[in-house]
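Take a look at the structure below.
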Amino acid sequence: MTQAGVHSIDHFALQVPDLAEGRRFFEAFGLRVADEAGGLALRATGGEHCWARLLEGPGRRLAWLALSCHAEHWGALQQAVRANAPLARPHPAAAQDGLWFNDPDGNLIRLAIGPKTTPSVAAGGPADLPQGPGGRRIALRSAHAPVRPSRLSHVLLFSPDVDRAIAFYCDVLGLALSDRSADRVAFMHGCHGSDHHLVAFGHSVAPGWHHSSWDVPGVDDVGRGALQMEAAGYPVGWGVGRHVLGSNYFYYAPDPWGSFAEYSAEIDFIPPGTPWQAMDVAAEDSLHLWGPPLPATILENSEAGPPRG
């Protein structure tokens, strides 16, 4: 029997102060946005799965994070959660089934049996470019469709105690540590095969929401996504660059509420059963291999002020 553990993020729900602005931002980002269940549902190009919901409320915060497991692991995971976490009432705007609890930072989590939405095999790189008479030739800029992500890749949450978050998500929910940088940031993957990280934690003085990350085919899509968001009137974010931990190309688009949505391409994939050795790297190696300088805003927890230096 394989190890009991969460295999996917089913969806996340984000409370935002203005649903109309939320619609405008995520439609510009390339997601399909629809009115649903008293809020907005976000879908990607890869199917009809609802990857995220937006609810209106005072301020921006994570309303809940929904995680999925295989049926054969439900009993063991339910037992581990009941022994290690306070149970909670379901969010009134959510499905009422599953097991609801608070993680050590107070985040509301729903665990339920569900389909595996994270990849089970490594995705290929970007599609080959068309061949011209003199070799490879990229399509004209005017011929490219808007950038539209295919799926949710991961989320990053602020935590006042990254070690505590690692221990809980490993020991109780069956995730595994991919890489970290001391107590500043940590990345965690699913043991049934997943991207380099499903959930990540960055240190701050308080819990908070940092970003959602969305998969696109290649670095050209990341770059065009940055231009797409700037053309839609959103301020310049961080990127284009390439991360060290996870290896993915990135661009962080600032949303209207002090957090980010990331275009991500070609992130590392960790197959099930891989003897992955987590690294603990110095701060200067923990963020990007190349790209523009890190803006101060990328480290700010807008729910609690800037993290420690």
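Each chain in the structure tokens gets a letter, A, B and so on, in the order shown; residues start at 1 in every chain, and ligands are counted from 1 in the order they appear.
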
Determine, counting only C-alpha atoms, which protein, DNA and RNA residues have an atom within 12 Å of an atom of Thr45 in chain A; residues of the same chain fewer than 3 positions away are not included. Present the result as a PyMOL selection string. chain A and resi 30-33+42+48-51+146-152+214-217

Assign secondary structure with DSSP using the backbone only, and return the residues of range 71-306 of chain A in strand (DSSP E or B) as a compact mmCIF listing (two decimals) with N, CA and C atoms, in the first residue's frame.
```txt
# COMPACT_ATOMS: atom_id res chain seq x y z
N LEU A 87 -10.81 20.32 14.94
CA LEU A 87 -11.82 20.25 13.90
C LEU A 87 -12.58 21.57 13.83
N LEU A 99 -13.72 16.54 5.71
CA LEU A 99 -13.26 16.80 7.07
C LEU A 99 -12.68 18.21 7.11
N TRP A 100 -13.23 19.05 7.96
CA TRP A 100 -12.82 20.44 8.07
C TRP A 100 -12.03 20.64 9.37
N PHE A 101 -10.91 21.34 9.27
CA PHE A 101 -10.06 21.55 10.45
C PHE A 101 -9.20 22.79 10.23
N ASN A 102 -8.52 23.20 11.27
CA ASN A 102 -7.58 24.32 11.19
C ASN A 102 -6.17 23.80 11.27
N LEU A 108 -8.21 27.55 7.47
CA LEU A 108 -9.31 26.59 7.38
C LEU A 108 -9.04 25.65 6.22
N ILE A 109 -9.00 24.35 6.51
CA ILE A 109 -8.65 23.33 5.52
C ILE A 109 -9.81 22.35 5.39
N ARG A 110 -10.12 21.98 4.14
CA ARG A 110 -11.08 20.90 3.88
C ARG A 110 -10.32 19.74 3.23
N LEU A 111 -10.46 18.57 3.83
CA LEU A 111 -9.87 17.36 3.27
C LEU A 111 -11.00 16.44 2.82
N ALA A 112 -10.92 15.95 1.59
CA ALA A 112 -11.96 15.07 1.07
C ALA A 112 -11.36 14.12 0.04
N ILE A 113 -12.05 13.01 -0.19
CA ILE A 113 -11.68 12.11 -1.28
C ILE A 113 -12.01 12.81 -2.60
N GLN A 131 8.83 25.09 -38.30
CA GLN A 131 10.09 25.14 -39.04
C GLN A 131 9.93 26.00 -40.30
N GLY A 132 10.78 26.99 -40.42
CA GLY A 132 10.81 27.82 -41.62
C GLY A 132 11.89 27.33 -42.56
N GLY A 135 15.21 27.12 -40.92
CA GLY A 135 15.24 26.48 -39.60
C GLY A 135 14.04 26.89 -38.78
N ARG A 136 14.22 26.95 -37.49
CA ARG A 136 13.12 27.22 -36.56
C ARG A 136 12.70 28.69 -36.64
N ARG A 151 -3.85 25.12 -15.64
CA ARG A 151 -4.20 24.54 -14.34
C ARG A 151 -3.53 25.32 -13.23
N LEU A 152 -4.01 25.09 -12.01
CA LEU A 152 -3.33 25.59 -10.82
C LEU A 152 -2.11 24.71 -10.55
N SER A 153 -0.99 25.33 -10.24
CA SER A 153 0.22 24.59 -9.89
C SER A 153 0.40 24.50 -8.38
N HIS A 154 0.37 25.64 -7.68
CA HIS A 154 0.61 25.63 -6.24
C HIS A 154 0.14 26.93 -5.60
N VAL A 155 0.17 26.95 -4.28
CA VAL A 155 -0.10 28.17 -3.53
C VAL A 155 1.02 28.37 -2.52
N LEU A 156 1.26 29.64 -2.15
CA LEU A 156 2.24 29.95 -1.10
C LEU A 156 1.53 30.75 -0.02
N LEU A 157 1.68 30.29 1.21
CA LEU A 157 1.09 30.93 2.38
C LEU A 157 2.18 31.48 3.28
N PHE A 158 1.92 32.61 3.91
CA PHE A 158 2.80 33.10 4.95
C PHE A 158 2.53 32.33 6.24
N SER A 159 3.59 32.12 7.02
CA SER A 159 3.48 31.42 8.30
C SER A 159 4.45 32.04 9.29
N LEU A 175 2.46 15.16 3.01
CA LEU A 175 3.30 15.80 2.01
C LEU A 175 4.77 15.58 2.37
N ALA A 176 5.67 15.95 1.48
CA ALA A 176 7.09 15.78 1.71
C ALA A 176 7.81 17.09 1.41
N LEU A 177 8.86 17.35 2.15
CA LEU A 177 9.66 18.56 1.94
C LEU A 177 10.46 18.41 0.66
N SER A 178 10.33 19.39 -0.23
CA SER A 178 11.11 19.40 -1.48
C SER A 178 12.44 20.11 -1.27
N ASP A 179 12.38 21.35 -0.83
CA ASP A 179 13.57 22.16 -0.56
C ASP A 179 13.17 23.27 0.39
N ARG A 180 14.18 23.91 1.00
CA ARG A 180 13.91 25.00 1.92
C ARG A 180 15.10 25.93 1.95
N SER A 181 14.91 27.09 2.61
CA SER A 181 16.00 28.00 2.92
C SER A 181 15.84 28.42 4.37
N VAL A 185 11.71 30.04 3.90
CA VAL A 185 10.76 29.54 2.90
C VAL A 185 10.94 28.03 2.78
N ALA A 186 9.82 27.33 2.53
CA ALA A 186 9.87 25.87 2.37
C ALA A 186 8.85 25.46 1.31
N PHE A 187 9.21 24.42 0.56
CA PHE A 187 8.39 23.94 -0.56
C PHE A 187 8.06 22.46 -0.33
N MET A 188 6.79 22.08 -0.55
CA MET A 188 6.33 20.74 -0.22
C MET A 188 5.59 20.11 -1.39
N HIS A 189 5.86 18.82 -1.64
CA HIS A 189 5.24 18.12 -2.75
C HIS A 189 4.42 16.93 -2.26
N GLY A 190 3.58 16.40 -3.16
CA GLY A 190 2.77 15.23 -2.86
C GLY A 190 3.54 13.96 -3.15
N SER A 194 3.94 14.85 -8.08
CA SER A 194 3.41 16.22 -8.17
C SER A 194 4.51 17.15 -8.64
N ASP A 195 4.10 18.38 -8.93
CA ASP A 195 5.08 19.44 -9.14
C ASP A 195 6.00 19.53 -7.93
N VAL A 199 2.24 23.10 -2.04
CA VAL A 199 2.06 24.13 -1.02
C VAL A 199 3.44 24.59 -0.60
N ALA A 200 3.59 25.90 -0.43
CA ALA A 200 4.84 26.48 0.05
C ALA A 200 4.52 27.44 1.20
N PHE A 201 5.53 27.67 2.04
CA PHE A 201 5.37 28.54 3.19
C PHE A 201 6.52 29.56 3.22
N GLY A 202 6.17 30.84 3.40
CA GLY A 202 7.15 31.88 3.56
C GLY A 202 7.00 32.52 4.93
N HIS A 203 8.10 32.85 5.54
CA HIS A 203 8.04 33.37 6.91
C HIS A 203 7.51 34.78 6.95
N GLY A 208 -0.89 34.50 6.35
CA GLY A 208 -1.40 35.33 5.26
C GLY A 208 -1.29 34.61 3.93
N TRP A 209 -1.88 35.23 2.93
CA TRP A 209 -1.90 34.70 1.56
C TRP A 209 -0.84 35.43 0.75
N HIS A 210 0.01 34.68 0.03
CA HIS A 210 1.01 35.33 -0.81
C HIS A 210 0.68 35.22 -2.29
N HIS A 211 0.56 33.99 -2.83
CA HIS A 211 0.22 33.90 -4.25
C HIS A 211 -0.35 32.54 -4.61
N SER A 212 -1.05 32.54 -5.72
CA SER A 212 -1.41 31.33 -6.43
C SER A 212 -0.56 31.28 -7.69
N SER A 213 -0.19 30.07 -8.12
CA SER A 213 0.67 29.89 -9.29
C SER A 213 -0.04 29.03 -10.31
N TRP A 214 0.04 29.45 -11.58
CA TRP A 214 -0.74 28.83 -12.66
C TRP A 214 0.19 28.41 -13.79
N ASP A 215 -0.02 27.19 -14.27
CA ASP A 215 0.89 26.59 -15.23
C ASP A 215 0.60 27.06 -16.66
N TRP A 238 7.05 41.08 -10.65
CA TRP A 238 8.42 40.55 -10.58
C TRP A 238 8.59 39.48 -11.64
N GLY A 239 9.63 39.62 -12.45
CA GLY A 239 9.93 38.70 -13.52
C GLY A 239 10.11 39.50 -14.81
N VAL A 240 10.38 38.82 -15.88
CA VAL A 240 10.45 37.37 -16.03
C VAL A 240 11.78 36.90 -15.46
N GLY A 241 11.78 35.73 -14.84
CA GLY A 241 13.00 35.16 -14.30
C GLY A 241 12.87 33.66 -14.19
N ARG A 242 13.89 33.04 -13.59
CA ARG A 242 13.85 31.60 -13.35
C ARG A 242 14.22 31.31 -11.91
N HIS A 243 13.35 30.55 -11.25
CA HIS A 243 13.60 30.16 -9.87
C HIS A 243 14.73 29.13 -9.81
N TYR A 249 10.28 28.91 -14.74
CA TYR A 249 10.25 30.30 -15.18
C TYR A 249 9.04 30.97 -14.54
N PHE A 250 9.15 32.26 -14.24
CA PHE A 250 8.08 32.90 -13.47
C PHE A 250 7.86 34.35 -13.87
N TYR A 251 6.64 34.79 -13.64
CA TYR A 251 6.29 36.21 -13.56
C TYR A 251 5.16 36.35 -12.56
N TYR A 252 5.36 37.24 -11.57
CA TYR A 252 4.37 37.49 -10.53
C TYR A 252 3.61 38.76 -10.87
N ALA A 253 2.32 38.61 -11.14
CA ALA A 253 1.46 39.75 -11.44
C ALA A 253 0.82 40.23 -10.15
N PRO A 254 1.02 41.51 -9.77
CA PRO A 254 0.39 42.01 -8.54
C PRO A 254 -1.11 42.15 -8.70
N PHE A 260 -0.36 38.12 -5.16
CA PHE A 260 0.12 37.90 -6.52
C PHE A 260 -0.53 36.68 -7.15
N ALA A 261 -0.56 36.68 -8.49
CA ALA A 261 -0.84 35.49 -9.28
C ALA A 261 0.37 35.28 -10.17
N GLU A 262 0.89 34.07 -10.18
CA GLU A 262 2.14 33.76 -10.88
C GLU A 262 1.86 32.95 -12.14
N TYR A 263 2.46 33.38 -13.26
CA TYR A 263 2.60 32.51 -14.42
C TYR A 263 3.84 31.65 -14.18
N SER A 264 3.70 30.33 -14.32
CA SER A 264 4.80 29.41 -14.06
C SER A 264 4.93 28.42 -15.21
N ALA A 265 6.16 28.16 -15.63
CA ALA A 265 6.39 27.22 -16.73
C ALA A 265 7.55 26.30 -16.40
N PHE A 269 9.27 18.24 -11.67
CA PHE A 269 8.26 17.25 -11.31
C PHE A 269 8.93 16.16 -10.48
N ILE A 270 8.26 15.74 -9.40
CA ILE A 270 8.81 14.70 -8.52
C ILE A 270 7.91 13.48 -8.62
N MET A 279 17.06 20.07 -0.25
CA MET A 279 18.18 20.95 0.03
C MET A 279 17.76 22.04 0.99
N ASP A 280 18.72 22.52 1.76
CA ASP A 280 18.55 23.72 2.60
C ASP A 280 19.58 24.72 2.11
N HIS A 288 15.96 33.26 -7.13
CA HIS A 288 16.00 33.20 -8.59
C HIS A 288 17.42 33.06 -9.10
N LEU A 289 17.53 32.29 -10.18
CA LEU A 289 18.81 32.10 -10.86
C LEU A 289 19.14 33.32 -11.69
N TRP A 290 18.11 33.85 -12.36
CA TRP A 290 18.26 35.10 -13.13
C TRP A 290 16.91 35.80 -13.17
N ASN A 301 3.78 40.78 3.63
CA ASN A 301 2.52 40.16 3.99
C ASN A 301 1.53 41.28 4.24
N GLY A 305 1.76 43.30 7.54
CA GLY A 305 2.94 44.14 7.43
C GLY A 305 4.12 43.32 6.96
```

Near Pro271 in chain A, counting only C-alpha atoms, which residues have an atom at most 8 Å away, once you skip same-chain residues fewer than 3 positions from it, shown as a PyMOL selection string? chain A and resi 120-122+191-194+274

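Minimum atom-to-atom distances from A:Pro104, A:Gly46, A:Gly246, A:Pro256 to Val16 in chain A were compared using only C-alpha atoms, and the lowest value belongs to A:Pro256.
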
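Proximity of A:Asp97, A:Ile267, A:Trp257, A:Pro160 to Leu19 in chain A, computed with only C-alpha atoms, is greatest for A:Trp257.
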
When DSSP works through the backbone of this structure, what residues of range 13-138 of chain A end up as alpha helix (DSSP H), shown as a PyMOL selection string? chain A and resi 19-29+74-84

Save the residues we just selected, N, CA and C atoms, as a CSV table (one decimal), in the first residue's frame?
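Wrote it out as part.csv, contents follow:
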```
chain,number,residue,atom,x,y,z
A,19,LEU,N,-15.6,41.9,-5.8
A,19,LEU,CA,-15.7,40.8,-6.8
A,19,LEU,C,-15.6,41.3,-8.2
A,20,ALA,N,-16.1,42.5,-8.5
A,20,ALA,CA,-15.9,43.0,-9.9
A,20,ALA,C,-14.5,43.2,-10.2
A,21,GLU,N,-13.7,43.7,-9.3
A,21,GLU,CA,-12.2,43.9,-9.5
A,21,GLU,C,-11.5,42.5,-9.6
A,22,GLY,N,-12.0,41.5,-8.8
A,22,GLY,CA,-11.5,40.2,-8.9
A,22,GLY,C,-11.8,39.6,-10.3
A,23,ARG,N,-12.9,39.8,-10.8
A,23,ARG,CA,-13.2,39.3,-12.1
A,23,ARG,C,-12.3,39.9,-13.2
A,24,ARG,N,-12.2,41.2,-13.1
A,24,ARG,CA,-11.3,41.9,-14.1
A,24,ARG,C,-9.9,41.4,-14.1
A,25,PHE,N,-9.4,41.3,-12.8
A,25,PHE,CA,-8.0,40.8,-12.7
A,25,PHE,C,-7.8,39.4,-13.3
A,26,PHE,N,-8.6,38.5,-12.9
A,26,PHE,CA,-8.3,37.1,-13.3
A,26,PHE,C,-8.7,36.8,-14.7
A,27,GLU,N,-9.7,37.6,-15.3
A,27,GLU,CA,-9.9,37.5,-16.7
A,27,GLU,C,-8.8,38.0,-17.5
A,28,ALA,N,-8.2,39.1,-17.1
A,28,ALA,CA,-7.0,39.6,-17.7
A,28,ALA,C,-5.8,38.6,-17.6
A,29,PHE,N,-5.8,37.9,-16.5
A,29,PHE,CA,-4.7,36.9,-16.3
A,29,PHE,C,-4.9,35.7,-17.2
A,74,TRP,N,-8.2,7.7,3.0
A,74,TRP,CA,-9.1,8.5,3.7
A,74,TRP,C,-9.0,8.2,5.2
A,75,GLY,N,-9.1,6.9,5.5
A,75,GLY,CA,-9.2,6.5,6.9
A,75,GLY,C,-8.0,7.0,7.7
A,76,ALA,N,-6.8,6.7,7.2
A,76,ALA,CA,-5.5,7.0,7.9
A,76,ALA,C,-5.4,8.5,8.0
A,77,LEU,N,-5.7,9.3,6.9
A,77,LEU,CA,-5.5,10.7,7.0
A,77,LEU,C,-6.5,11.3,8.0
A,78,GLN,N,-7.8,10.8,7.9
A,78,GLN,CA,-8.8,11.3,8.9
A,78,GLN,C,-8.4,11.1,10.3
A,79,GLN,N,-7.8,9.9,10.6
A,79,GLN,CA,-7.4,9.6,11.9
A,79,GLN,C,-6.2,10.5,12.3
A,80,ALA,N,-5.3,10.8,11.4
A,80,ALA,CA,-4.1,11.7,11.8
A,80,ALA,C,-4.6,13.1,12.0
A,81,VAL,N,-5.6,13.6,11.2
A,81,VAL,CA,-6.1,14.9,11.4
A,81,VAL,C,-6.8,15.1,12.7
A,82,ARG,N,-7.6,14.1,13.0
A,82,ARG,CA,-8.4,14.2,14.3
A,82,ARG,C,-7.5,14.1,15.5
A,83,ALA,N,-6.3,13.5,15.4
A,83,ALA,CA,-5.4,13.4,16.5
A,83,ALA,C,-4.5,14.6,16.7
A,84,ASN,N,-4.4,15.4,15.6
A,84,ASN,CA,-3.4,16.5,15.6
A,84,ASN,C,-3.9,17.9,15.3
```

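The shortest atom-to-atom distance to Glu72 in chain A, with only C-alpha atoms taken into account, belongs to A:Val6 out of A:Tyr169, A:Asp105, A:Gln15, A:Val6.
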
Two-atom distance - CA of Leu40 in chain A, CA of Leu54 in chain A (Å): 5.0 Å

For Gly258 in chain A, please output as a PyMOL selection string all residues within 9 Å (counting only C-alpha atoms; exclusion window: fewer than 6 positions along the same chain). chain A and resi 60+210+297+300-303

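When only C-alpha atoms are used to measure the gap to Gly47 in chain A, the shortest distance among A:Pro235, A:Val244, A:Ala88, A:Thr117 belongs to A:Thr117.
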
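Closest approach to Phe168 in chain A from the set A:Gly57, A:Asp103, A:His70, A:Leu294 is made by A:Asp103, with distances taken over only C-alpha atoms.
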
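Reported to one decimal place, the separation of CA of Ala93 in chain A from CA of Val205 in chain A is 28.6 Å.
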
Quick one: distance from CA of Ser68 in chain A to CA of Gly98 in chain A in Å, one decimal? 9.5 Å

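Between Asp255 in chain A and the candidates A:Leu65, A:Ala282, A:Leu198, A:Ile298, the tightest atom-to-atom separation, counting only C-alpha atoms, involves A:Ile298.
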